[in-house]
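Asker: The structure is given below, and queries will be raised subsequently.
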Amino acid sequence: MKFIRFKDQEHIVHSAIGQTFSEMYVVPFNNYVNFYYYLKENAKTAEMYIKENSLAPVSIEETALEIPIEADEVWASGVTYMKSREARNYEATNGKLDVLTFYDKVYDAERPEIFLKSTARRTQGPNKELLIRSDSNWQIPEPELGLVIGEGEEIIGYTLGNDMSCRDIEGENPLYLPQAKVWKKSCSIGPAILMPTGIENPYELSIMCTISREHEVVFQGSASVSQLKRKLEELVEFLIRDNDIVPGTVLLTGTCIVPDNDFTLAVGDVIEISSTPIGTLKNYVGSFQK
């Protein structure tokens with residue numbers, strides 16, 4: 001069962017739950033966190049809620065989807081997959097790969113890399129525009145599993161995220177990480193939140209990324225969350241340690257899908273990040289007006 005937000009023909013935003021976009025049930029909860037804890041406190045499942053309230057199914061056009069949760073903050077984890085470690089080392093050594101770097105150290109360290117990726121006003125939903133920086137020549141999307149964090153350390157849902165990244169800026173100096181990761185419209189999440197009851201083992205999730213340019217596929221890759229070096233709960237624990245995290249915060253868990261080293265995004269590209277039980281997060285690439 002997944003939770004979505006969508007806009008009707010009068011441009012009013014509603015929430016709905018269901019297994020597929022063609023059979024969703026509108027619910028009077030604009031906030032996923034409130035809906036999740038309503039069910040939990042009343043010992044109900046989403047299926048029970050649908051039945052008890054005699055909800056009728058409706059079909060939702062994917063183009064009408066809105067961001068499923070307006071998270072005050074989106075955080076991200078880095079170097080949590082071997083592929084990410086290799087890509088960061090390539091950037092840091094100018095492709096020489098002849099020395100150990102701090103990325104090797106953090107990959108093997110007890111403490112993971114966690115950084116603030118985005119805020120609500122910088123984060124886009126499905127079918128919205130993402131921007132590429134005007135001062136970078138090597139930019140890529142980073143498809144990631146996102147965790148919706150509830151009270152304490154509880155993981156209350158799963159979504160997809162695009163952690164846009166400037167490989168040249170980060171590779172030039174690790175102290176430039178905030179500029180390589182954070183700018184206007186540099187992050188997207190969606191299209192839905194998969195409720196925990198919707199999947200028995202999140203490590204079985206697969207993620208695919210397709211990038212199209214002028215209707216031609218220029219990159220396609222896939223990976224499994226099972227390739228993650230760390231446990232999801234471990235990442236959450238380090239995020240909330242001595243930190244002020246509100247329910248509804250999203251934590252992106254790192255990427256294992258990296259385009260070839262000669263690839264960079266271009267204006268007009270279409271990025272699609274998908275996982276079968278969650279759906280497809282589709283975004284269009286734009287640029288800052290000079």
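As shown in the structure tokens, the chain order sets the letters A, B, ...; within each chain, residues go from 1, and ligands are also counted from 1 in the order they appear.
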Can you tell me which residues surround Phe263 (chain A) at a distance of at most 12 Å, considering only C-alpha atoms, apart from same-chain residues fewer than 6 positions away, and format the answer as a ChimeraX atom specification?

Answerer: /A:137-141,166-168,211,218-220

Asker: Please indicate the distance in Å from CA of Ser15 (chain A) to CA of Ser118 (chain A), rounded to one decimal place.

Answerer: 23.1 Å

Asker: Set the distance at 9 Å and use only C-alpha atoms: which residues neighbour Ser224 (chain A) once local chain neighbours fewer than 6 positions away are removed? I'd like the list as a list of chain:residue names.

Answerer: A:Tyr203, A:Glu204, A:Leu205, A:Ser206, A:Ile207, A:Met208, A:Cys256

Asker: Could you pull out all residues of region 13-161 of chain A with a DSSP call of strand (DSSP E or B) and give them as a ChimeraX atom specification?

Answerer: /A:13-20,23-27,58,65-66,73-78,113-119,123-124,128-132,139-140,143-149,155-161
